[in-house]
$ cat upload.cif   # mmCIF, C-alpha atoms
data_input
#
loop_
_atom_site.label_atom_id
_atom_site.label_comp_id
_atom_site.auth_asym_id
_atom_site.auth_seq_id
_atom_site.Cartn_x
_atom_site.Cartn_y
_atom_site.Cartn_z
CA MET A 1 2.47 -83.97 -26.76
CA LYS A 2 -0.33 -81.58 -25.88
CA ASP A 3 -0.62 -83.09 -22.38
CA SER A 4 3.11 -82.58 -21.88
CA LYS A 5 2.82 -78.93 -22.89
CA ASN A 6 -0.14 -78.42 -20.57
CA LEU A 7 1.78 -79.98 -17.69
CA SER A 8 4.75 -77.74 -18.35
CA GLN A 9 2.52 -74.68 -18.47
CA GLN A 10 0.80 -75.67 -15.22
CA ILE A 11 4.13 -75.94 -13.42
CA LEU A 12 5.20 -72.63 -14.91
CA ASN A 13 2.05 -70.97 -13.61
CA THR A 14 2.71 -72.38 -10.14
CA ASN A 15 6.25 -71.08 -10.27
CA LYS A 16 5.02 -67.69 -11.42
CA SER A 17 2.71 -67.30 -8.43
CA ASN A 18 5.61 -67.97 -6.06
CA SER A 19 8.36 -66.16 -7.98
CA ASN A 20 8.61 -63.23 -5.59
CA ASN A 21 9.35 -65.52 -2.65
CA SER A 22 11.56 -68.03 -4.45
CA CYS A 23 14.34 -65.53 -5.10
CA SER A 24 15.21 -65.60 -1.42
CA LYS A 25 14.44 -69.27 -0.80
CA PHE A 26 17.13 -70.64 -3.09
CA MET A 27 19.80 -69.48 -0.68
CA THR A 28 18.81 -72.16 1.86
CA ASN A 29 19.49 -75.38 -0.12
CA THR A 30 22.81 -76.12 -1.78
CA VAL A 31 24.04 -79.25 -3.57
CA VAL A 32 27.51 -78.87 -2.02
CA ARG A 33 28.25 -77.86 1.55
CA ILE A 34 29.90 -74.46 1.72
CA PRO A 35 32.75 -74.66 4.27
CA ALA A 36 32.21 -72.64 7.42
CA GLY A 37 34.31 -69.52 7.64
CA ILE A 38 34.75 -69.17 3.88
CA PRO A 39 33.44 -65.73 2.88
CA SER A 40 31.40 -65.68 -0.29
CA PRO A 41 31.58 -62.76 -2.71
CA LYS A 42 28.46 -60.62 -2.79
CA VAL A 43 26.72 -60.04 -6.11
CA SER A 44 23.56 -58.34 -7.36
CA LEU A 45 20.43 -60.47 -7.76
CA PHE A 46 17.97 -59.68 -10.56
CA GLU A 47 14.44 -61.04 -10.83
CA ASN A 48 14.95 -62.30 -14.37
CA MET A 49 16.92 -61.70 -17.56
CA THR A 50 14.82 -58.68 -18.51
CA SER A 51 15.43 -56.84 -15.23
CA VAL A 52 17.62 -53.76 -15.21
CA VAL A 53 17.55 -52.93 -11.49
CA PRO A 54 18.61 -55.56 -8.91
CA ILE A 55 16.47 -56.88 -6.07
CA GLU A 56 19.19 -57.31 -3.47
CA GLU A 57 22.77 -58.39 -2.78
CA ILE A 58 23.32 -62.12 -2.22
CA SER A 59 26.03 -64.75 -1.81
CA LEU A 60 27.46 -65.89 -5.14
CA TRP A 61 28.27 -69.38 -3.85
CA GLU A 62 24.75 -69.98 -2.53
CA PHE A 63 23.27 -68.85 -5.83
CA LEU A 64 25.48 -71.09 -7.97
CA LEU A 65 25.10 -74.13 -5.71
CA SER A 66 21.36 -73.78 -5.15
CA SER A 67 19.10 -76.80 -5.65
CA ASP A 68 15.85 -74.85 -5.42
CA TYR A 69 15.36 -74.51 -9.16
CA GLN A 70 15.90 -78.18 -9.95
CA ASP A 71 12.32 -78.84 -11.08
CA ILE A 72 11.91 -75.91 -13.43
CA VAL A 73 15.40 -76.40 -14.89
CA HIS A 74 14.47 -80.04 -15.53
CA ILE A 75 11.38 -78.90 -17.46
CA TYR A 76 13.54 -76.54 -19.52
CA ARG A 77 15.96 -79.33 -20.41
CA GLU A 78 13.24 -81.84 -21.28
CA THR A 79 10.84 -79.74 -23.32
CA GLN A 80 11.30 -78.97 -27.00
CA ASP A 81 8.60 -76.30 -26.98
CA PRO A 82 10.38 -73.00 -27.81
CA ALA A 83 7.67 -70.94 -26.10
CA VAL A 84 8.07 -72.82 -22.82
CA ARG A 85 11.86 -72.63 -23.01
CA LYS A 86 11.74 -68.89 -23.67
CA GLU A 87 9.28 -68.33 -20.82
CA ILE A 88 11.46 -70.22 -18.35
CA LYS A 89 14.84 -68.79 -19.29
CA LYS A 90 13.77 -65.22 -19.85
CA PHE A 91 11.12 -64.68 -17.17
CA ARG A 92 11.05 -67.49 -14.58
CA LEU A 93 14.63 -67.79 -13.39
CA PRO A 94 16.55 -65.22 -11.33
CA CYS A 95 19.98 -64.01 -12.41
CA VAL A 96 23.08 -62.50 -10.86
CA THR A 97 25.95 -60.35 -12.03
CA VAL A 98 28.83 -62.69 -11.16
CA SER A 99 31.44 -59.95 -11.40
CA GLY A 100 30.07 -57.68 -8.72
CA ILE A 101 27.48 -55.36 -7.26
CA PHE A 102 25.69 -52.83 -9.46
CA ASP A 103 22.81 -50.46 -8.95
CA THR A 104 21.74 -51.03 -12.55
CA ARG A 105 22.79 -52.95 -15.64
CA ALA A 106 22.41 -49.78 -17.71
CA ARG A 107 25.52 -48.06 -19.04
CA LYS A 108 25.41 -45.29 -16.43
CA ARG A 109 26.19 -47.30 -13.30
CA LEU A 110 26.32 -45.46 -9.99
CA VAL A 111 27.52 -48.39 -7.89
CA HIS A 112 30.15 -50.79 -9.15
CA ARG A 113 32.05 -53.01 -6.74
CA HIS A 114 33.88 -55.83 -8.48
CA SER A 115 33.63 -59.25 -6.85
CA ARG A 116 37.06 -60.32 -8.20
CA TYR A 117 35.35 -63.18 -10.02
CA ILE A 118 34.62 -63.62 -13.69
CA CYS A 119 32.22 -65.90 -15.55
CA VAL A 120 33.05 -67.83 -18.72
CA ASP A 121 30.53 -69.83 -20.79
CA ILE A 122 31.36 -73.06 -22.62
CA ASP A 123 28.55 -74.01 -25.03
CA GLY A 124 28.03 -77.48 -26.43
CA LYS A 125 27.08 -76.03 -29.82
CA ASP A 126 30.56 -74.52 -30.13
CA ASN A 127 32.21 -77.73 -28.88
CA PRO A 128 30.43 -80.67 -30.54
CA GLY A 129 33.30 -83.01 -29.68
CA VAL A 130 32.33 -82.97 -26.01
CA LYS A 131 29.20 -85.03 -26.75
CA GLY A 132 27.73 -84.55 -23.30
CA ARG A 133 30.86 -85.57 -21.37
CA TRP A 134 30.70 -82.48 -19.18
CA SER A 135 31.85 -84.30 -16.05
CA ARG A 136 35.16 -85.06 -17.75
CA VAL A 137 35.44 -81.46 -18.95
CA LYS A 138 34.98 -80.24 -15.37
CA GLU A 139 37.78 -82.56 -14.24
CA LEU A 140 40.13 -81.29 -16.96
CA LEU A 141 39.40 -77.66 -16.18
CA ALA A 142 39.98 -78.20 -12.46
CA GLU A 143 43.25 -79.96 -13.24
CA LYS A 144 44.55 -77.23 -15.53
CA PHE A 145 43.27 -74.09 -13.77
CA SER A 146 43.99 -73.51 -10.08
CA SER A 147 41.96 -70.30 -10.34
CA LEU A 148 38.73 -72.17 -11.17
CA CYS A 149 36.19 -71.74 -8.36
CA TYR A 150 33.09 -73.26 -9.90
CA ALA A 151 32.06 -75.33 -12.90
CA GLY A 152 28.43 -76.33 -13.33
CA LEU A 153 25.97 -77.22 -16.03
CA SER A 154 24.23 -74.43 -17.88
CA VAL A 155 20.45 -74.14 -17.67
CA GLY A 156 20.12 -76.13 -20.91
CA GLY A 157 22.43 -78.89 -19.70
CA ASN A 158 24.61 -78.74 -22.82
CA GLY A 159 27.29 -76.39 -21.60
CA LEU A 160 29.17 -75.17 -18.57
CA CYS A 161 29.20 -72.03 -16.48
CA LEU A 162 32.74 -71.43 -15.22
CA VAL A 163 33.64 -68.95 -12.49
CA PHE A 164 37.28 -67.95 -12.02
CA ARG A 165 38.91 -65.83 -9.37
CA ILE A 166 40.93 -63.02 -10.95
CA ALA A 167 43.81 -60.88 -9.71
CA TYR A 168 43.12 -57.66 -11.60
CA PRO A 169 39.43 -56.65 -11.59
CA GLU A 170 40.38 -53.29 -13.09
CA ARG A 171 41.55 -55.29 -16.13
CA HIS A 172 38.36 -57.34 -16.38
CA ARG A 173 38.29 -57.65 -20.17
CA ALA A 174 42.01 -58.36 -20.48
CA GLN A 175 41.75 -61.17 -17.94
CA TYR A 176 38.61 -62.53 -19.61
CA PHE A 177 40.24 -62.81 -23.01
CA ALA A 178 43.39 -64.30 -21.49
CA LEU A 179 41.24 -66.97 -19.84
CA ILE A 180 39.30 -67.99 -22.94
CA ASN A 181 42.52 -68.02 -24.95
CA GLU A 182 44.20 -70.29 -22.39
CA ILE A 183 41.15 -72.59 -22.24
CA ARG A 184 41.34 -72.97 -26.01
CA THR A 185 45.10 -73.61 -25.89
CA LYS A 186 45.16 -76.07 -22.99
CA ILE A 187 41.90 -78.00 -23.42
CA HIS A 188 40.87 -77.17 -27.00
CA LEU A 189 37.50 -75.82 -25.94
CA TYR A 190 35.93 -72.69 -27.35
CA ALA A 191 34.42 -70.26 -24.87
CA ASP A 192 31.91 -67.55 -25.71
CA SER A 193 33.96 -64.46 -26.57
CA THR A 194 30.92 -62.15 -26.41
CA CYS A 195 30.36 -62.54 -22.65
CA CYS A 196 33.08 -60.15 -21.50
CA ASP A 197 30.76 -57.41 -20.20
CA VAL A 198 31.25 -56.86 -16.47
CA THR A 199 27.45 -56.75 -15.94
CA ARG A 200 26.83 -60.00 -17.80
CA LEU A 201 23.97 -61.96 -16.19
CA ARG A 202 24.21 -65.57 -15.06
CA VAL A 203 20.83 -67.28 -14.98
CA ALA A 204 20.02 -69.77 -12.21
CA SER A 205 20.66 -73.40 -13.11
CA TYR A 206 21.07 -76.80 -11.47
CA ASP A 207 23.95 -79.25 -11.37
CA PRO A 208 23.91 -82.03 -8.76
CA GLU A 209 27.67 -82.55 -9.12
CA PRO A 210 29.39 -79.21 -9.72
CA PHE A 211 33.08 -78.54 -9.24
CA PHE A 212 33.52 -76.11 -6.34
CA ASN A 213 36.73 -74.71 -4.87
CA PRO A 214 36.24 -71.53 -2.81
CA ASN A 215 40.00 -71.42 -2.11
CA ALA A 216 41.06 -70.94 -5.73
CA VAL A 217 44.06 -68.69 -6.32
CA PRO A 218 43.67 -65.55 -8.46
CA TYR A 219 44.20 -65.85 -12.19
CA LEU A 220 47.17 -63.70 -13.20
CA ASN A 221 47.42 -63.64 -16.98
CA LEU A 222 46.42 -60.72 -19.20
CA ILE A 223 46.06 -60.21 -22.91
CA ASN A 224 47.62 -56.81 -23.49
CA LYS A 225 45.33 -55.51 -26.18
CA ASP A 226 42.93 -52.60 -26.16
CA TYR A 227 40.46 -54.42 -23.92
CA GLY A 228 40.14 -52.14 -20.92
CA VAL A 229 41.48 -49.38 -18.78
CA PRO A 230 45.18 -49.43 -17.91
CA CYS A 231 46.13 -51.39 -14.83
CA LYS A 232 46.21 -49.25 -11.70
CA ASN A 233 49.26 -51.07 -10.43
CA ASP A 234 51.72 -51.59 -13.26
CA ARG A 235 54.28 -53.25 -10.99
CA SER A 236 51.71 -55.77 -9.82
CA ALA A 237 50.43 -56.48 -13.30
CA SER A 238 53.87 -57.09 -14.78
CA MET A 239 55.21 -59.19 -11.93
CA ASP A 240 56.49 -62.62 -12.90
CA VAL A 241 53.56 -65.03 -12.87
CA ASP A 242 55.63 -67.95 -11.58
CA THR A 243 56.77 -65.87 -8.60
CA LYS A 244 53.20 -65.02 -7.70
CA MET A 245 52.13 -68.63 -7.95
CA ARG A 246 54.96 -69.63 -5.61
CA VAL A 247 53.87 -66.97 -3.13
CA TYR A 248 50.29 -68.25 -3.14
CA ALA A 249 51.56 -71.82 -2.73
CA CYS A 250 53.74 -70.82 0.23
CA ILE A 251 50.92 -68.93 1.92
CA LYS A 252 48.65 -71.93 1.50
CA ILE A 253 51.23 -74.09 3.29
CA ILE A 254 51.54 -71.46 6.03
CA SER A 255 47.76 -71.43 6.49
CA ASP A 256 47.36 -75.21 6.35
CA ARG A 257 50.12 -75.79 8.91
CA GLN A 258 49.48 -72.60 10.91
CA ILE A 259 53.15 -71.59 10.78
CA ASP A 260 54.33 -68.26 12.18
CA ILE A 261 57.06 -66.84 9.92
CA THR A 262 57.00 -63.32 11.41
CA CYS A 263 60.18 -63.75 13.42
CA GLY A 264 60.57 -60.30 14.94
CA TYR A 265 59.26 -56.89 13.97
CA LYS A 266 61.85 -56.23 11.23
CA VAL A 267 61.07 -59.50 9.47
CA TRP A 268 57.33 -58.89 9.80
CA ARG A 269 57.71 -55.39 8.35
CA ALA A 270 59.84 -56.67 5.46
CA ILE A 271 57.18 -59.25 4.61
CA GLY A 272 54.58 -56.48 4.51
CA GLN A 273 56.77 -54.29 2.31
CA ALA A 274 57.42 -57.11 -0.15
CA LEU A 275 53.74 -58.00 -0.39
CA ALA A 276 52.77 -54.34 -0.81
CA ASN A 277 55.34 -53.90 -3.57
CA GLU A 278 54.52 -57.07 -5.47
CA PHE A 279 50.76 -57.39 -5.00
CA GLY A 280 49.52 -53.86 -4.41
CA PRO A 281 47.45 -52.42 -1.55
CA GLU A 282 44.34 -54.61 -1.72
CA GLU A 283 45.61 -58.12 -2.46
CA GLY A 284 48.83 -57.43 -0.56
CA ARG A 285 46.88 -56.53 2.58
CA ARG A 286 44.81 -59.70 2.34
CA LEU A 287 47.93 -61.85 2.02
CA PHE A 288 49.67 -59.97 4.84
CA HIS A 289 46.83 -60.86 7.21
CA LEU A 290 46.97 -64.51 6.10
CA VAL A 291 50.69 -64.61 6.92
CA SER A 292 50.45 -62.61 10.16
CA GLN A 293 47.47 -64.31 11.79
CA TRP A 294 49.47 -67.21 13.24
CA HIS A 295 51.54 -65.02 15.57
CA SER A 296 50.46 -65.29 19.20
CA ASP A 297 50.08 -61.49 19.47
CA TYR A 298 48.25 -60.99 16.16
CA TYR A 299 45.80 -58.08 16.15
CA PRO A 300 44.05 -57.15 12.88
CA THR A 301 44.13 -53.41 13.60
CA GLU A 302 47.87 -53.46 14.30
CA CYS A 303 48.40 -55.52 11.17
CA ASP A 304 46.47 -52.97 9.11
CA ARG A 305 48.41 -50.10 10.66
CA LEU A 306 51.76 -51.64 9.73
CA PHE A 307 50.60 -52.48 6.23
CA ASP A 308 49.46 -48.89 5.71
CA TRP A 309 53.05 -47.90 6.45
CA CYS A 310 54.36 -50.61 4.11
CA ILE A 311 52.26 -49.28 1.23
CA ALA A 312 54.01 -45.92 1.52
CA ASN A 313 57.48 -47.41 2.14
CA HIS A 314 57.99 -50.46 -0.04
CA ASP A 315 60.38 -49.28 -2.76
CA PHE A 316 62.97 -51.86 -3.82
CA ILE A 317 61.64 -54.51 -1.40
CA ASN A 318 60.91 -57.50 -3.62
CA ILE A 319 60.09 -61.16 -3.17
#
$ encode --input "upload.cif" --output "structure tokens"
Amino acid sequence: MKDSKNLSQQILNTNKSNSNNSCSKFMTNTVVRIPAGIPSPKVSLFENMTSVVPIEEISLWEFLLSSDYQDIVHIYRETQDPAVRKEIKKFRLPCVTVSGIFDTRARKRLVHRHSRYICVDIDGKDNPGVKGRWSRVKELLAEKFSSLCYAGLSVGGNGLCLVFRIAYPERHRAQYFALINEIRTKIHLYADSTCCDVTRLRVASYDPEPFFNPNAVPYLNLINKDYGVPCKNDRSASMDVDTKMRVYACIKIISDRQIDITCGYKVWRAIGQALANEFGPEEGRRLFHLVSQWHSDYYPTECDRLFDWCIANHDFINI
């Protein structure tokens, strides 16, 4: 037992001497290939769980899919020594704020750019019925939630880190509680309800077989309680969820088959007006580009110019 503890401590000391370099190295090795051309959200990287100020901005996908911390995570999962486990989790592993970029994790934040992603924790202690069958849980979650981007083992190996794409970052808490409520309803799993803070840290982990879908559609549901600031776009927030899901499904078909549906300027403009009215300026613009890009004369600047007009002139144009 003592030899095992000494070995663990020796590896920890080696990791400590290289910790300043390893934060950047993990971005080079991933367990799943990230498709070319798929932009990854940028998030803030922190040296460890005690850090308040970030080191840099990094790719969320590369962080979650990294294999560089496999050895130290394995030590954490194997050892029963509480001192070693505390040392690893609290001081030896880097962390990110999944939900965006921040200049600090303190309450007075100067920079806050939401990533449009949200992290949910499923702990084995709260769900004893799982009994280690996390691969099956990942399959069920992927089957039930088209907004699930990532599902991977927690650092302890007895839980999951879930990352969902969300539609309303300004309603972060309302979307978080809607998600954990729906997870409980659909799959009978209990998520951690205390992890709703937008600056919540996600510690580095390792899962050789994560679920990964960078093309997940935004999650639309909200729990309309006193969880956050009012939605900036009431029309967008109250839009029929089924209609939005059909729109996303149609746009996926358009993209997969590279179909041009902008038959003439009036039709193209009407599409922009409908998207602006139903989805708002940010998400509507993104979808408008996805629809417009298959026209032979597509120019991003012209597309932006027309959508700017659509934002100001979209009344009563619905999908």
$ residues_around --input "upload.cif" --residues "region 50-67 of chain A" --least-positions-apart "2" --cutoff "9 Å" --atoms "only C-alpha atoms" --output "PyMOL selection string"
chain A and resi 23-24+26-34+39-48+69-71+90-91+95-98+101-106+150+152+204-208+210+212+214
$ atom_distance --input "upload.cif" --atom1 "CA of Ile223 (chain A)" --atom2 "CA of Asn181 (chain A)"
8.8 Å
$ closest_residue --input "upload.cif" --among "A:Lys125, A:Lys89, A:Arg116, A:Arg184" --to "Phe164 (chain A)" --atoms "all atoms listed in the file"
A:Arg116
$ resolve_selection --input "upload.cif" --expression "the PyMOL selection byres ((chain A and resi 166-172) around 6)" --output "PyMOL selection string"
chain A and resi 116-117+165+173-175+218-220+228
$ residues_around --input "upload.cif" --residues "Val291 (chain A)" --least-positions-apart "2" --cutoff "8 Å" --atoms "all atoms listed in the file" --output "mmCIF file with C-alpha atoms, keeping the file's coordinate frame"
data_model
loop_
_atom_site.group_PDB
_atom_site.id
_atom_site.type_symbol
_atom_site.label_atom_id
_atom_site.label_comp_id
_atom_site.auth_asym_id
_atom_site.auth_seq_id
_atom_site.Cartn_x
_atom_site.Cartn_y
_atom_site.Cartn_z
ATOM 1 C CA ILE A 251 50.920 -68.930 1.920
ATOM 2 C CA ILE A 254 51.540 -71.460 6.030
ATOM 3 C CA SER A 255 47.760 -71.430 6.490
ATOM 4 C CA ASP A 260 54.330 -68.260 12.180
ATOM 5 C CA ILE A 261 57.060 -66.840 9.920
ATOM 6 C CA THR A 262 57.000 -63.320 11.410
ATOM 7 C CA LEU A 287 47.930 -61.850 2.020
ATOM 8 C CA PHE A 288 49.670 -59.970 4.840
ATOM 9 C CA HIS A 289 46.830 -60.860 7.210
ATOM 10 C CA GLN A 293 47.470 -64.310 11.790
ATOM 11 C CA TRP A 294 49.470 -67.210 13.240
#
$ resolve_selection --input "upload.cif" --expression "the PyMOL selection byres ((chain A and resi 119) around 6)" --output "list in words"
Ile118, Val120, Leu162 and Val163 of chain A
$ atom_distance --input "upload.cif" --atom1 "CA of Tyr190 (chain A)" --atom2 "CA of Cys161 (chain A)"
12.8 Å
$ resolve_selection --input "upload.cif" --expression "the PyMOL selection byres ((chain A and resi 144) around 12)" --output "NGL selection string"
:A and (137-143 or 145-148 or 179 or 182-187 or 219)
$ closest_residue --input "upload.cif" --among "A:His295, A:Trp134, A:Asn318, A:Asp197" --to "Ser154 (chain A)" --atoms "all atoms listed in the file"
A:Trp134
$ atom_distance --input "upload.cif" --atom1 "CA of Ile317 (chain A)" --atom2 "CA of Glu302 (chain A)"
20.9 Å
$ closest_residue --input "upload.cif" --among "A:Val84, A:Ala191, A:Val73, A:Val130" --to "Gly156 (chain A)" --atoms "all atoms listed in the file"
A:Val73
$ closest_residue --input "upload.cif" --among "A:Ile180, A:Ile259, A:Ala312, A:Ala249" --to "Gly272 (chain A)" --atoms "only C-alpha atoms"
A:Ala312
$ closest_residue --input "upload.cif" --among "A:Asp126, A:His314, A:Cys149, A:Arg286" --to "Ser193 (chain A)" --atoms "all atoms listed in the file"
A:Asp126
$ closest_residue --input "upload.cif" --among "A:Leu93, A:Ala276, A:Ile122, A:Val155" --to "Leu306 (chain A)" --atoms "all atoms listed in the file"
A:Ala276
$ build_atoms --input "upload.cif" --residues "region 141-151 of chain A" --atoms "all heavy atoms" --output "CSV table (one decimal), in the coordinates of the input"
chain,number,residue,atom,x,y,z
A,141,LEU,N,39.3,-79.1,-16.5
A,141,LEU,CA,39.4,-77.7,-16.2
A,141,LEU,C,40.0,-77.5,-14.8
A,141,LEU,O,40.8,-76.6,-14.5
A,141,LEU,CB,38.0,-77.0,-16.3
A,141,LEU,CG,37.5,-76.7,-17.7
A,141,LEU,CD1,36.0,-76.5,-17.7
A,141,LEU,CD2,38.3,-75.5,-18.3
A,142,ALA,N,39.5,-78.3,-13.8
A,142,ALA,CA,40.0,-78.2,-12.5
A,142,ALA,C,41.5,-78.6,-12.4
A,142,ALA,O,42.2,-78.0,-11.6
A,142,ALA,CB,39.2,-79.1,-11.6
A,143,GLU,N,41.9,-79.5,-13.2
A,143,GLU,CA,43.2,-80.0,-13.2
A,143,GLU,C,44.2,-78.9,-13.8
A,143,GLU,O,45.3,-78.7,-13.3
A,143,GLU,CB,43.3,-81.3,-14.1
A,143,GLU,CG,44.7,-81.8,-14.2
A,143,GLU,CD,44.7,-83.1,-15.1
A,143,GLU,OE1,43.8,-83.9,-15.0
A,143,GLU,OE2,45.6,-83.2,-15.9
A,144,LYS,N,43.7,-78.2,-14.8
A,144,LYS,CA,44.6,-77.2,-15.5
A,144,LYS,C,44.5,-75.8,-15.0
A,144,LYS,O,45.4,-75.0,-15.2
A,144,LYS,CB,44.1,-77.2,-17.0
A,144,LYS,CG,44.3,-78.5,-17.8
A,144,LYS,CD,45.7,-78.9,-17.9
A,144,LYS,CE,45.8,-80.1,-18.8
A,144,LYS,NZ,47.3,-80.6,-18.9
A,145,PHE,N,43.4,-75.5,-14.2
A,145,PHE,CA,43.3,-74.1,-13.8
A,145,PHE,C,43.1,-74.0,-12.3
A,145,PHE,O,42.0,-74.4,-11.8
A,145,PHE,CB,42.1,-73.4,-14.5
A,145,PHE,CG,42.3,-73.2,-15.9
A,145,PHE,CD1,41.9,-74.2,-16.9
A,145,PHE,CD2,42.8,-72.0,-16.4
A,145,PHE,CE1,42.1,-74.0,-18.2
A,145,PHE,CE2,43.0,-71.8,-17.7
A,145,PHE,CZ,42.7,-72.8,-18.7
A,146,SER,N,44.1,-73.6,-11.5
A,146,SER,CA,44.0,-73.5,-10.1
A,146,SER,C,43.1,-72.3,-9.7
A,146,SER,O,42.8,-72.2,-8.5
A,146,SER,CB,45.4,-73.4,-9.5
A,146,SER,OG,46.1,-72.2,-10.0
A,147,SER,N,42.8,-71.5,-10.6
A,147,SER,CA,42.0,-70.3,-10.3
A,147,SER,C,40.5,-70.6,-10.5
A,147,SER,O,39.6,-69.7,-10.3
A,147,SER,CB,42.4,-69.1,-11.2
A,147,SER,OG,42.3,-69.5,-12.6
A,148,LEU,N,40.1,-71.8,-10.9
A,148,LEU,CA,38.7,-72.2,-11.2
A,148,LEU,C,38.0,-72.4,-9.8
A,148,LEU,O,38.4,-73.2,-9.0
A,148,LEU,CB,38.6,-73.4,-12.0
A,148,LEU,CG,37.2,-73.9,-12.3
A,148,LEU,CD1,36.5,-72.9,-13.2
A,148,LEU,CD2,37.3,-75.3,-13.0
A,149,CYS,N,37.0,-71.6,-9.6
A,149,CYS,CA,36.2,-71.7,-8.4
A,149,CYS,C,35.0,-72.6,-8.5
A,149,CYS,O,34.6,-73.4,-7.6
A,149,CYS,CB,35.7,-70.4,-7.9
A,149,CYS,SG,37.0,-69.2,-7.5
A,150,TYR,N,34.4,-72.5,-9.7
A,150,TYR,CA,33.1,-73.3,-9.9
A,150,TYR,C,33.0,-73.7,-11.4
A,150,TYR,O,33.3,-72.9,-12.3
A,150,TYR,CB,31.9,-72.3,-9.5
A,150,TYR,CG,30.6,-72.9,-9.9
A,150,TYR,CD1,29.9,-73.8,-9.1
A,150,TYR,CD2,30.0,-72.5,-11.1
A,150,TYR,CE1,28.6,-74.3,-9.4
A,150,TYR,CE2,28.7,-73.0,-11.5
A,150,TYR,CZ,28.1,-73.9,-10.6
A,150,TYR,OH,26.8,-74.4,-11.0
A,151,ALA,N,32.4,-74.9,-11.6
A,151,ALA,CA,32.1,-75.3,-12.9
A,151,ALA,C,30.8,-76.1,-12.8
A,151,ALA,O,30.7,-77.1,-12.1
A,151,ALA,CB,33.2,-76.2,-13.5
